[in-house]
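Data from input17.pdb: PDB, C-alpha atoms and all ligand atoms
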```
ATOM      1  CA  MET A  32       0.000   0.000   0.000
ATOM      2  CA  PRO A  33       1.464   3.380  -0.934
ATOM      3  CA  GLU A  34       2.319   5.443   2.152
ATOM      4  CA  GLY A  35       3.210   9.129   2.402
ATOM      5  CA  PRO A  36       6.665   8.782   0.779
ATOM      6  CA  GLU A  37       5.284   6.844  -2.212
ATOM      7  CA  VAL A  38       2.432   9.310  -2.768
ATOM      8  CA  ARG A  39       4.885  12.203  -2.512
ATOM      9  CA  ARG A  40       7.028  10.648  -5.233
ATOM     10  CA  TYR A  41       3.952  10.485  -7.497
ATOM     11  CA  ALA A  42       3.151  14.119  -6.638
ATOM     12  CA  VAL A  43       6.687  15.226  -7.535
ATOM     13  CA  GLN A  44       6.613  13.204 -10.741
ATOM     14  CA  LEU A  45       3.253  14.675 -11.749
ATOM     15  CA  ALA A  46       4.309  18.198 -10.777
ATOM     16  CA  ASN A  47       7.485  17.920 -12.892
ATOM     17  CA  ALA A  48       5.530  16.618 -15.876
ATOM     18  CA  LEU A  49       2.371  18.755 -15.724
ATOM     19  CA  GLU A  50       2.848  22.014 -13.819
ATOM     20  CA  ASN A  51       2.624  25.234 -15.840
ATOM     21  CA  GLN A  52       1.270  23.310 -18.813
ATOM     22  CA  PRO A  53      -2.170  23.797 -20.384
ATOM     23  CA  VAL A  54      -4.552  20.851 -20.163
ATOM     24  CA  THR A  55      -5.351  19.398 -23.570
ATOM     25  CA  HIS A  56      -7.514  16.564 -22.264
ATOM     26  CA  LEU A  57      -8.908  15.464 -18.914
ATOM     27  CA  SER A  58     -11.118  12.412 -18.498
ATOM     28  CA  ALA A  59     -12.294  10.345 -15.566
ATOM     29  CA  ARG A  60     -14.024   7.030 -15.085
ATOM     30  CA  THR A  61     -14.978   7.394 -11.444
ATOM     31  CA  ARG A  62     -18.718   8.024 -11.222
ATOM     32  CA  ASP A  63     -19.045  11.581  -9.920
ATOM     33  CA  ALA A  64     -16.073  12.978 -11.804
ATOM     34  CA  LYS A  65     -17.282  11.373 -15.020
ATOM     35  CA  ALA A  66     -20.760  12.869 -14.564
ATOM     36  CA  PHE A  67     -19.285  16.291 -13.781
ATOM     37  CA  LEU A  68     -17.076  16.210 -16.881
ATOM     38  CA  SER A  69     -19.939  15.222 -19.159
ATOM     39  CA  GLU A  70     -21.902  18.213 -17.855
ATOM     40  CA  HIS A  71     -18.913  20.578 -18.228
ATOM     41  CA  PRO A  72     -16.982  19.287 -21.249
ATOM     42  CA  ASP A  73     -15.178  22.576 -21.922
ATOM     43  CA  LEU A  74     -14.144  23.370 -18.384
ATOM     44  CA  PHE A  75     -10.609  21.945 -18.400
ATOM     45  CA  PRO A  76      -9.084  22.216 -21.905
ATOM     46  CA  GLY A  77      -6.732  25.205 -22.106
ATOM     47  CA  ARG A  78      -6.419  25.720 -18.338
ATOM     48  CA  ILE A  79      -2.928  25.924 -16.863
ATOM     49  CA  ILE A  80      -2.089  23.340 -14.185
ATOM     50  CA  GLU A  81      -0.756  25.515 -11.377
ATOM     51  CA  ARG A  82       0.415  22.998  -8.796
ATOM     52  CA  ILE A  83       0.266  19.355  -7.806
ATOM     53  CA  ARG A  84       0.827  18.431  -4.184
ATOM     54  CA  SER A  85       0.421  15.591  -1.749
ATOM     55  CA  HIS A  86      -0.510  15.683   1.906
ATOM     56  CA  GLY A  87      -0.156  12.351   3.648
ATOM     57  CA  LYS A  88      -1.621   9.774   1.284
ATOM     58  CA  HIS A  89      -3.796  12.289  -0.588
ATOM     59  CA  LEU A  90      -2.752  13.847  -3.889
ATOM     60  CA  PHE A  91      -4.405  16.894  -5.428
ATOM     61  CA  GLY A  92      -3.909  19.289  -8.304
ATOM     62  CA  VAL A  93      -4.976  22.917  -8.611
ATOM     63  CA  PHE A  94      -5.643  24.455 -12.023
ATOM     64  CA  GLU A  95      -6.068  28.133 -12.874
ATOM     65  CA  GLY A  96      -9.470  29.450 -11.864
ATOM     66  CA  GLU A  97      -9.656  27.466  -8.617
ATOM     67  CA  ILE A  98     -10.610  24.114 -10.023
ATOM     68  CA  GLY A  99      -8.806  20.878  -9.429
ATOM     69  CA  PHE A 100      -8.741  17.170  -8.708
ATOM     70  CA  HIS A 101      -8.123  14.985  -5.689
ATOM     71  CA  SER A 102      -7.054  11.330  -5.658
ATOM     72  CA  HIS A 103      -6.409   8.658  -3.057
ATOM     73  CA  LEU A 104      -4.682   5.443  -4.098
ATOM     74  CA  MET A 105      -5.919   3.163  -1.281
ATOM     75  CA  MET A 106      -4.373  -0.282  -1.677
ATOM     76  CA  TRP A 107      -3.611  -0.703  -5.364
ATOM     77  CA  GLY A 108      -3.764   2.656  -7.102
ATOM     78  CA  ARG A 109      -0.863   4.205  -8.969
ATOM     79  CA  TRP A 110      -0.045   7.061 -11.286
ATOM     80  CA  SER A 111       1.964   6.583 -14.489
ATOM     81  CA  VAL A 112       3.474   9.392 -16.539
ATOM     82  CA  TYR A 113       4.220   9.186 -20.264
ATOM     83  CA  GLY A 114       5.602  11.594 -22.832
ATOM     84  CA  GLY A 115       3.166  13.942 -24.581
ATOM     85  CA  GLY A 116       1.824  12.677 -27.888
ATOM     86  CA  GLU A 117       2.292   9.008 -27.017
ATOM     87  CA  THR A 118      -0.668   6.750 -27.724
ATOM     88  CA  ILE A 119      -1.640   4.971 -24.528
ATOM     89  CA  GLU A 120      -4.506   2.515 -24.890
ATOM     90  CA  ILE A 121      -7.195   2.756 -22.244
ATOM     91  CA  ASP A 122      -6.593   0.050 -19.673
ATOM     92  CA  ARG A 123      -9.710  -1.306 -17.966
ATOM     93  CA  ARG A 124      -8.171  -0.199 -14.646
ATOM     94  CA  GLU A 125      -7.842   3.403 -15.842
ATOM     95  CA  ARG A 126      -9.581   5.864 -13.496
ATOM     96  CA  ALA A 127      -8.400   9.216 -14.835
ATOM     97  CA  ARG A 128      -6.191  10.759 -17.485
ATOM     98  CA  ILE A 129      -4.674  14.228 -17.696
ATOM     99  CA  GLU A 130      -2.922  15.299 -20.870
ATOM    100  CA  THR A 131      -0.836  18.340 -21.749
ATOM    101  CA  PRO A 132       1.307  18.919 -24.855
ATOM    102  CA  ALA A 133       4.320  17.600 -22.899
ATOM    103  CA  ALA A 134       2.977  14.691 -20.854
ATOM    104  CA  ILE A 135       0.199  12.211 -20.160
ATOM    105  CA  ALA A 136      -0.609  11.189 -16.582
ATOM    106  CA  ILE A 137      -2.808   8.147 -16.037
ATOM    107  CA  LEU A 138      -4.327   7.009 -12.769
ATOM    108  CA  LEU A 139      -4.883   3.250 -12.490
ATOM    109  CA  SER A 140      -6.966   1.285  -9.986
ATOM    110  CA  ALA A 141      -7.454   4.109  -7.481
ATOM    111  CA  PRO A 142     -11.018   4.223  -6.164
ATOM    112  CA  VAL A 143     -10.923   7.966  -5.409
ATOM    113  CA  PHE A 144     -10.632  10.584  -8.152
ATOM    114  CA  GLU A 145     -12.822  13.623  -7.734
ATOM    115  CA  ILE A 146     -13.083  17.107  -9.173
ATOM    116  CA  PHE A 147     -13.591  20.150  -6.995
ATOM    117  CA  GLN A 148     -14.169  23.853  -7.526
ATOM    118  CA  GLY A 149     -12.674  26.211  -4.969
ATOM    119  CA  GLU A 150      -9.897  25.931  -2.427
ATOM    120  CA  PRO A 151      -8.818  22.287  -1.907
ATOM    121  CA  TYR A 152      -8.682  22.456   1.897
ATOM    122  CA  GLN A 153     -12.193  23.909   1.973
ATOM    123  CA  LYS A 154     -13.741  21.620  -0.593
ATOM    124  CA  ILE A 155     -12.211  18.254   0.238
ATOM    125  CA  GLU A 156     -13.232  17.063   3.640
ATOM    126  CA  ASN A 157     -10.525  14.405   3.849
ATOM    127  CA  LEU A 158      -7.829  17.052   3.423
ATOM    128  CA  ARG A 159      -9.324  19.337   6.022
ATOM    129  CA  THR A 160      -9.097  16.788   8.814
ATOM    130  CA  LEU A 161      -5.514  15.648   8.102
ATOM    131  CA  GLY A 162      -2.821  16.041  10.740
ATOM    132  CA  PRO A 163       0.598  17.551  10.001
ATOM    133  CA  ASP A 164       2.272  16.094   6.917
ATOM    134  CA  ILE A 165       5.190  13.787   7.764
ATOM    135  CA  LEU A 166       6.872  15.216   4.630
ATOM    136  CA  PRO A 167       6.189  18.957   4.876
ATOM    137  CA  TYR A 168       6.872  21.006   1.733
ATOM    138  CA  ASP A 169       7.978  24.035   3.729
ATOM    139  CA  GLY A 170       9.723  24.064   7.072
ATOM    140  CA  PRO A 171      10.021  21.297   9.647
ATOM    141  CA  PHE A 172       7.431  18.721  10.726
ATOM    142  CA  ASP A 173       4.832  20.454  12.906
ATOM    143  CA  ALA A 174       5.711  18.528  16.061
ATOM    144  CA  ALA A 175       3.723  20.873  18.299
ATOM    145  CA  LEU A 176       0.483  20.252  16.416
ATOM    146  CA  TRP A 177       1.267  16.521  16.239
ATOM    147  CA  ARG A 178       1.806  16.357  19.988
ATOM    148  CA  LYS A 179      -1.353  18.329  20.709
ATOM    149  CA  ARG A 180      -3.477  15.975  18.609
ATOM    150  CA  LEU A 181      -1.737  12.832  19.875
ATOM    151  CA  LEU A 182      -2.180  13.763  23.516
ATOM    152  CA  SER A 183      -5.817  14.782  23.281
ATOM    153  CA  GLU A 184      -8.012  13.123  25.852
ATOM    154  CA  GLU A 185      -9.625  10.535  23.563
ATOM    155  CA  ASN A 186      -6.234   9.115  22.501
ATOM    156  CA  LEU A 187      -4.609   8.508  25.870
ATOM    157  CA  GLU A 188      -5.965   4.983  26.265
ATOM    158  CA  ARG A 189      -5.195   3.992  22.679
ATOM    159  CA  GLU A 190      -2.103   2.007  21.666
ATOM    160  CA  ILE A 191       0.649   4.032  19.994
ATOM    161  CA  GLY A 192       1.017   1.483  17.160
ATOM    162  CA  ALA A 193      -2.625   2.004  16.193
ATOM    163  CA  VAL A 194      -2.586   5.764  16.697
ATOM    164  CA  LEU A 195       0.385   6.235  14.357
ATOM    165  CA  LEU A 196      -1.911   5.126  11.524
ATOM    166  CA  ASP A 197      -4.489   7.776  12.426
ATOM    167  CA  GLN A 198      -4.196  10.308   9.621
ATOM    168  CA  ARG A 199      -5.764  13.063  11.709
ATOM    169  CA  ILE A 200      -2.775  12.984  14.068
ATOM    170  CA  SER A 201       0.034  12.735  11.517
ATOM    171  CA  ALA A 202      -0.609  12.304   7.806
ATOM    172  CA  GLY A 203       1.273   9.775   5.690
ATOM    173  CA  ILE A 204       2.234   6.940   8.037
ATOM    174  CA  GLY A 205       1.245   3.442   6.907
ATOM    175  CA  ASN A 206       2.230  -0.030   7.995
ATOM    176  CA  TYR A 207       5.935  -0.122   7.108
ATOM    177  CA  LEU A 208       6.649   3.346   8.467
ATOM    178  CA  ARG A 209       4.903   2.761  11.785
ATOM    179  CA  ALA A 210       6.791  -0.498  12.433
ATOM    180  CA  ASP A 211      10.210   0.986  11.678
ATOM    181  CA  ILE A 212       9.538   4.298  13.466
ATOM    182  CA  LEU A 213       8.583   2.438  16.662
ATOM    183  CA  PHE A 214      11.648   0.198  16.332
ATOM    184  CA  PHE A 215      14.032   3.159  15.937
ATOM    185  CA  CYS A 216      12.386   4.781  18.981
ATOM    186  CA  ARG A 217      12.518   1.480  20.945
ATOM    187  CA  ILE A 218       8.836   1.774  21.816
ATOM    188  CA  ASP A 219       6.411  -1.090  22.463
ATOM    189  CA  PRO A 220       3.661  -0.782  19.785
ATOM    190  CA  TYR A 221       1.094  -1.804  22.398
ATOM    191  CA  LYS A 222       2.057   0.911  24.859
ATOM    192  CA  ARG A 223      -0.789   3.312  25.570
ATOM    193  CA  VAL A 224      -0.336   6.907  24.441
ATOM    194  CA  GLY A 225      -0.907   8.182  27.978
ATOM    195  CA  GLU A 226       1.992   6.026  29.229
ATOM    196  CA  LEU A 227       4.615   7.364  26.811
ATOM    197  CA  SER A 228       7.490   9.130  28.565
ATOM    198  CA  SER A 229       8.600  12.611  27.530
ATOM    199  CA  ALA A 230      11.774  11.039  26.068
ATOM    200  CA  GLU A 231       9.638   8.637  23.999
ATOM    201  CA  LEU A 232       7.439  11.495  22.762
ATOM    202  CA  ALA A 233      10.541  13.470  21.806
ATOM    203  CA  ALA A 234      12.013  10.433  20.010
ATOM    204  CA  LEU A 235       8.795   9.936  18.041
ATOM    205  CA  SER A 236       8.564  13.572  16.997
ATOM    206  CA  GLU A 237      12.113  13.325  15.608
ATOM    207  CA  GLU A 238      11.930   9.880  14.041
ATOM    208  CA  ILE A 239       8.566  10.337  12.271
ATOM    209  CA  PRO A 240       9.837  12.999   9.829
ATOM    210  CA  ARG A 241      13.354  11.487   9.702
ATOM    211  CA  VAL A 242      12.245   7.984   8.667
ATOM    212  CA  ALA A 243       9.634   9.440   6.286
ATOM    213  CA  ARG A 244      12.238  11.662   4.570
ATOM    214  CA  ARG A 245      14.665   8.745   4.273
ATOM    215  CA  ALA A 246      11.953   6.533   2.740
ATOM    216  CA  PHE A 247      11.000   9.301   0.313
ATOM    217  CA  GLU A 248      14.579   9.962  -0.795
ATOM    218  CA  GLY A 249      15.530   6.266  -0.743
ATOM    219  CA  GLU A 250      12.493   5.120  -2.749
ATOM    220  CA  GLY A 251      10.939   3.161   0.084
ATOM    221  CA  VAL A 252      14.109   2.219   2.001
ATOM    222  CA  SER A 253      13.403   3.148   5.615
ATOM    223  CA  VAL A 254      16.754   2.123   7.168
ATOM    224  CA  PRO A 255      19.836   4.387   7.220
ATOM    225  CA  PRO A 256      22.678   3.675   4.737
ATOM    226  CA  ALA A 257      24.876   1.671   7.150
ATOM    227  CA  LEU A 258      22.036  -0.730   7.992
ATOM    228  CA  ARG A 259      21.100  -0.936   4.337
ATOM    229  CA  GLU A 260      24.677  -2.058   3.564
ATOM    230  CA  ARG A 261      24.533  -4.723   6.281
ATOM    231  CA  LEU A 262      21.158  -5.988   5.097
ATOM    232  CA  LEU A 263      22.422  -6.254   1.522
ATOM    233  CA  SER A 264      25.711  -7.960   2.382
ATOM    234  CA  ASP A 265      24.839 -10.308   5.278
ATOM    235  CA  THR A 266      22.664 -13.156   3.970
ATOM    236  CA  SER A 267      21.652 -14.242   7.478
ATOM    237  CA  LEU A 268      19.701 -10.987   7.838
ATOM    238  CA  SER A 269      17.186 -11.595   5.044
ATOM    239  CA  TYR A 270      15.141 -14.504   3.735
ATOM    240  CA  GLY A 271      17.240 -15.283   0.692
ATOM    241  CA  ALA A 272      19.076 -14.025  -2.341
ATOM    242  CA  GLN A 273      16.048 -13.620  -4.614
ATOM    243  CA  ILE A 274      14.243 -11.275  -2.296
ATOM    244  CA  ARG A 275      17.307  -9.750  -0.719
ATOM    245  CA  GLU A 276      16.832  -6.320  -2.256
ATOM    246  CA  TYR A 277      13.267  -6.070  -1.040
ATOM    247  CA  GLY A 278      14.135  -7.716   2.277
ATOM    248  CA  ALA A 279      16.859  -5.122   2.806
ATOM    249  CA  ARG A 280      14.536  -2.129   2.925
ATOM    250  CA  HIS A 281      13.233  -2.105   6.460
ATOM    251  CA  ALA A 282      14.452  -2.634  10.016
ATOM    252  CA  VAL A 283      11.606  -4.825  11.285
ATOM    253  CA  PHE A 284       8.765  -4.588   8.747
ATOM    254  CA  ARG A 285       8.304  -8.003   7.054
ATOM    255  CA  ARG A 286      11.420  -9.384   8.793
ATOM    256  CA  THR A 287       9.516 -11.903  10.929
ATOM    257  CA  ASN A 288      11.857 -14.422  12.648
ATOM    258  CA  LEU A 289      14.979 -12.780  11.195
ATOM    259  CA  PRO A 290      17.561 -11.428  13.666
ATOM    260  CA  CYS A 291      17.044  -7.931  15.064
ATOM    261  CA  LEU A 292      19.660  -5.562  13.594
ATOM    262  CA  VAL A 293      20.620  -4.390  17.076
ATOM    263  CA  CYS A 294      20.366  -7.406  19.432
ATOM    264  CA  GLU A 295      19.784 -10.433  17.133
ATOM    265  CA  THR A 296      16.568 -11.458  18.908
ATOM    266  CA  PRO A 297      14.160 -12.828  16.268
ATOM    267  CA  VAL A 298      11.756 -10.143  15.008
ATOM    268  CA  LYS A 299       8.125 -10.910  15.822
ATOM    269  CA  GLN A 300       4.890 -10.187  13.988
ATOM    270  CA  LYS A 301       1.542  -9.862  15.749
ATOM    271  CA  LYS A 302      -1.867  -8.463  14.968
ATOM    272  CA  GLN A 303      -2.830  -5.107  16.340
ATOM    273  CA  VAL A 304      -6.364  -3.786  16.304
ATOM    274  CA  VAL A 305      -6.722  -0.525  14.415
ATOM    275  CA  TYR A 306      -9.778   1.089  12.899
ATOM    276  CA  ARG A 307     -10.687   2.099   9.430
ATOM    277  CA  THR A 308     -12.865   4.865   8.024
ATOM    278  CA  PRO A 309     -15.279   4.229   5.164
ATOM    279  CA  ASP A 310     -12.788   5.716   2.671
ATOM    280  CA  GLY A 311     -10.390   2.917   3.562
ATOM    281  CA  ASP A 312      -7.739   5.150   5.009
ATOM    282  CA  ASP A 313      -6.274   3.935   8.250
ATOM    283  CA  GLU A 314      -7.855   6.015  10.900
ATOM    284  CA  ASN A 315      -9.176   5.107  14.241
ATOM    285  CA  GLU A 316     -12.884   5.436  13.811
ATOM    286  CA  PRO A 317     -14.702   3.293  16.332
ATOM    287  CA  GLY A 318     -17.151   0.945  14.733
ATOM    288  CA  ASP A 319     -15.083  -0.434  11.904
ATOM    289  CA  GLU A 320     -12.525  -2.484  13.713
ATOM    290  CA  ARG A 321      -9.842  -4.419  11.959
ATOM    291  CA  ALA A 322      -6.340  -5.644  12.633
ATOM    292  CA  ARG A 323      -3.082  -4.851  10.885
ATOM    293  CA  ILE A 324       0.169  -6.767  11.317
ATOM    294  CA  ILE A 325       2.778  -5.028  13.438
ATOM    295  CA  TYR A 326       6.455  -6.086  13.433
ATOM    296  CA  PHE A 327       8.822  -5.452  16.352
ATOM    297  CA  CYS A 328      11.849  -6.638  18.315
ATOM    298  CA  PRO A 329      10.477  -7.882  21.660
ATOM    299  CA  ASN A 330      13.839  -7.214  23.336
ATOM    300  CA  CYS A 331      14.746  -3.748  22.010
ATOM    301  CA  GLN A 332      11.154  -2.551  22.259
ATOM    302  CA  ASN A 333      10.558  -4.214  25.613
ATOM    303  CA  VAL A 334       7.333  -5.938  24.542
ATOM    304  CA  ASP A 335       5.729  -8.177  27.130
ATOM    305  CA  MET A 336       5.249 -11.350  25.053
ATOM    306  CA  ALA A 337       3.074 -12.926  27.761
ATOM    307  CA  ARG A 338       0.211 -10.755  26.473
ATOM    308  CA  PHE A 339       0.018 -12.992  23.392
ATOM    309  CA  GLU A 340      -0.035 -16.323  25.204
ATOM    310  CA  ARG A 341      -3.281 -18.194  24.888
ATOM    311  CA  VAL A 342      -5.066 -19.181  28.042
ATOM    312  CA  LYS A 343      -3.658 -22.654  28.716
ATOM    313  CA  LYS A 344      -6.069 -25.560  28.506
ATOM    314  CA  PRO A 345      -6.317 -27.639  31.674
ATOM    315  CA  ARG A 346      -3.869 -30.531  31.319
ATOM    316  CA  SER A 347      -5.481 -33.873  30.663
ATOM    317  CA  LYS A 348      -5.336 -36.487  33.399
ATOM    318  CA  ARG A 349      -3.578 -38.877  31.060
ATOM    319  CA  ALA A 350      -0.733 -36.425  30.285
ATOM    320  CA  ALA A 351      -0.267 -35.802  34.008
ATOM    321  CA  ILE A 352      -0.021 -39.550  34.698
ATOM    322  CA  GLY A 353       2.436 -40.029  31.818
ATOM    323  CA  GLU A 354       4.611 -37.265  33.239
ATOM    324  CA  ARG A 355       4.605 -38.887  36.711
ATOM    325  CA  GLU A 356       5.594 -42.241  35.226
ATOM    326  CA  ALA A 357       8.434 -40.636  33.277
ATOM    327  CA  SER A 358       9.828 -38.921  36.343
ATOM    328  CA  ALA A 359       9.472 -42.169  38.346
ATOM    329  CA  SER A 360      11.504 -44.159  35.800
ATOM    330  CA  GLU A 361      14.166 -41.425  35.689
ATOM    331  CA  ALA A 362      14.532 -41.783  39.429
TER     332      ALA A 362
HETATM  333 ZN    ZN L 401      16.497  -6.051  19.200
END
```
Please express what this file holds, its structure, as structure tokens.
Ligand SMILES: [Zn+2]
Amino acid sequence: MPEGPEVRRYAVQLANALENQPVTHLSARTRDAKAFLSEHPDLFPGRIIERIRSHGKHLFGVFEGEIGFHSHLMMWGRWSVYGGGETIEIDRRERARIETPAAIAILLSAPVFEIFQGEPYQKIENLRTLGPDILPYDGPFDAALWRKRLLSEENLEREIGAVLLDQRISAGIGNYLRADILFFCRIDPYKRVGELSSAELAALSEEIPRVARRAFEGEGVSVPPALRERLLSDTSLSYGAQIREYGARHAVFRRTNLPCLVCETPVKQKKQVVYRTPDGDDENEPGDERARIIYFCPNCQNVDMARFERVKKPRSKRAAIGEREASASEA
């Protein structure tokens, strides 16, 4: 699933290809956008594309005259950019297409592509509620706002691993980022927000933008260069040669049973209950409960593994007798 760094790369790619160009063609196959375009066929052609941005996992474009589009990729969506004038057949997964004389951008498989008129943060409700972007365009990560939202009353009893996915608190964190951020901060994913120490809060506010920036610049690699080198060169640290490149991207994410990069304890994976809003974005909305896999080092992150032990069944009489006989014969 594309997380903030992946969506930002699409936004940069689209901005480089389309900004300051006039639209020659814009089409959509999502229901509302398609209906809007058939009612206003002449609205887009000739308009200059002023800017394309992302905020968290949302991507939007603003055209001259305060009109624009908003997309969310969910699980499978992606943008592809081609040279202007190329002939690109319509794929059945195509959701939208924006053409200028210089480039063609095509959105595949994304369930959300909508057109808005006005200011994006006023017109698109999902943008309005987002927390500070983990990859801010200008200035540093807004740690003060992040902390204020994180520590609001309704979050104190929630687990930090679940809350990191809440896009209203910080926008752009998905499953690989949350696992690695918590590992680098040495924080138990199941720890409640209200129990985090001031040192842990400070570590999180530094690591969130740091790991996000590294993953953006490193095309999805969330570990620092020295760890990346170790992961690529030491075969005992990944599952095997064929998947070594992919297996060398993260510190704990999808490294179940492989040695921790710090203490060599096997990395664990467990389910963690999070919530999901109707638009499929990971946010903690009570009522739509689901679990996501979290990865961690039980030693470095001080996770109490007893919490996962099943309630033991009462031992059968027969097993107890067998055990007594065994100890009698040993004696
Ligand atoms: Zn460890």
Exercise for review: Expand the PyMOL selection byres (((not hetatm)) within 6 of (chain L and resi 401)) into the individual residues it matches in the shown file, reporting them as an NGL selection string.
Suggested key: :A and (291 or 293-296 or 328 or 330-331)
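For the pair CA of Trp177 in chain A and CA of Ser236 in chain A, the interatomic distance is 7.9 Å.
Here the PyMOL selection byres (((chain A and resi 289) around 7) and not hetatm) matches the residues Leu268, Ser269, Arg286, Thr287, Asn288, Pro290, Cys291, Pro297 and Val298 of chain A.
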Practice item. Please write as a ChimeraX atom specification the full residue list that the PyMOL selection byres (((chain A and resi 110) around 8) and not hetatm) yields on this file. Key: /A:41,108-109,111-112,136-139
Review point. Between A:Val224, A:Ile212, A:Ile129, A:Leu68, which is the closest to Val283 in chain A once you count only C-alpha atoms?
Key: A:Ile212
**Study point:** Within 8 Å of range 72-87 of chain A using all atoms listed in the file, minus same-chain residues under 2 positions, as a PyMOL selection string
**Key:** chain A and resi 34-35+38-39+42-43+45-46+49-57+68-70+89-95+158+161+164-166+198+201-204
Point to revise | 10 Å contact set for Lys65 in chain A, all atoms listed in the file, chain neighbours under 5 positions out, as a ChimeraX atom specification | key: /A:58-60,70-71,126-127,144-146
Resulting file, chosen residues, C-alpha atoms, as an mmCIF file, in the frame of the given file:
```
data_model
loop_
_atom_site.group_PDB
_atom_site.id
_atom_site.type_symbol
_atom_site.label_atom_id
_atom_site.label_comp_id
_atom_site.auth_asym_id
_atom_site.auth_seq_id
_atom_site.Cartn_x
_atom_site.Cartn_y
_atom_site.Cartn_z
ATOM 1 C CA SER A 58 -11.118 12.412 -18.498
ATOM 2 C CA ALA A 59 -12.294 10.345 -15.566
ATOM 3 C CA ARG A 60 -14.024 7.030 -15.085
ATOM 4 C CA GLU A 70 -21.902 18.213 -17.855
ATOM 5 C CA HIS A 71 -18.913 20.578 -18.228
ATOM 6 C CA ARG A 126 -9.581 5.864 -13.496
ATOM 7 C CA ALA A 127 -8.400 9.216 -14.835
ATOM 8 C CA PHE A 144 -10.632 10.584 -8.152
ATOM 9 C CA GLU A 145 -12.822 13.623 -7.734
ATOM 10 C CA ILE A 146 -13.083 17.107 -9.173
#
```
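Shown here are all protein and nucleic acid residues lying within 7 Å of (8.3, 15.8, 15.3), with only C-alpha atoms considered: A:Phe172, A:Asp173, A:Ala174, A:Leu235, A:Ser236, A:Glu237, A:Ile239, A:Pro240.
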C-alpha atoms of the current selection, written as a PDB file, in the frame of the given file:
```pdb
ATOM      1  CA  PHE A 172       7.431  18.721  10.726  1.00  0.00           C
ATOM      2  CA  ASP A 173       4.832  20.454  12.906  1.00  0.00           C
ATOM      3  CA  ALA A 174       5.711  18.528  16.061  1.00  0.00           C
ATOM      4  CA  LEU A 235       8.795   9.936  18.041  1.00  0.00           C
ATOM      5  CA  SER A 236       8.564  13.572  16.997  1.00  0.00           C
ATOM      6  CA  GLU A 237      12.113  13.325  15.608  1.00  0.00           C
ATOM      7  CA  ILE A 239       8.566  10.337  12.271  1.00  0.00           C
ATOM      8  CA  PRO A 240       9.837  12.999   9.829  1.00  0.00           C
TER       9      PRO A 240
END
```
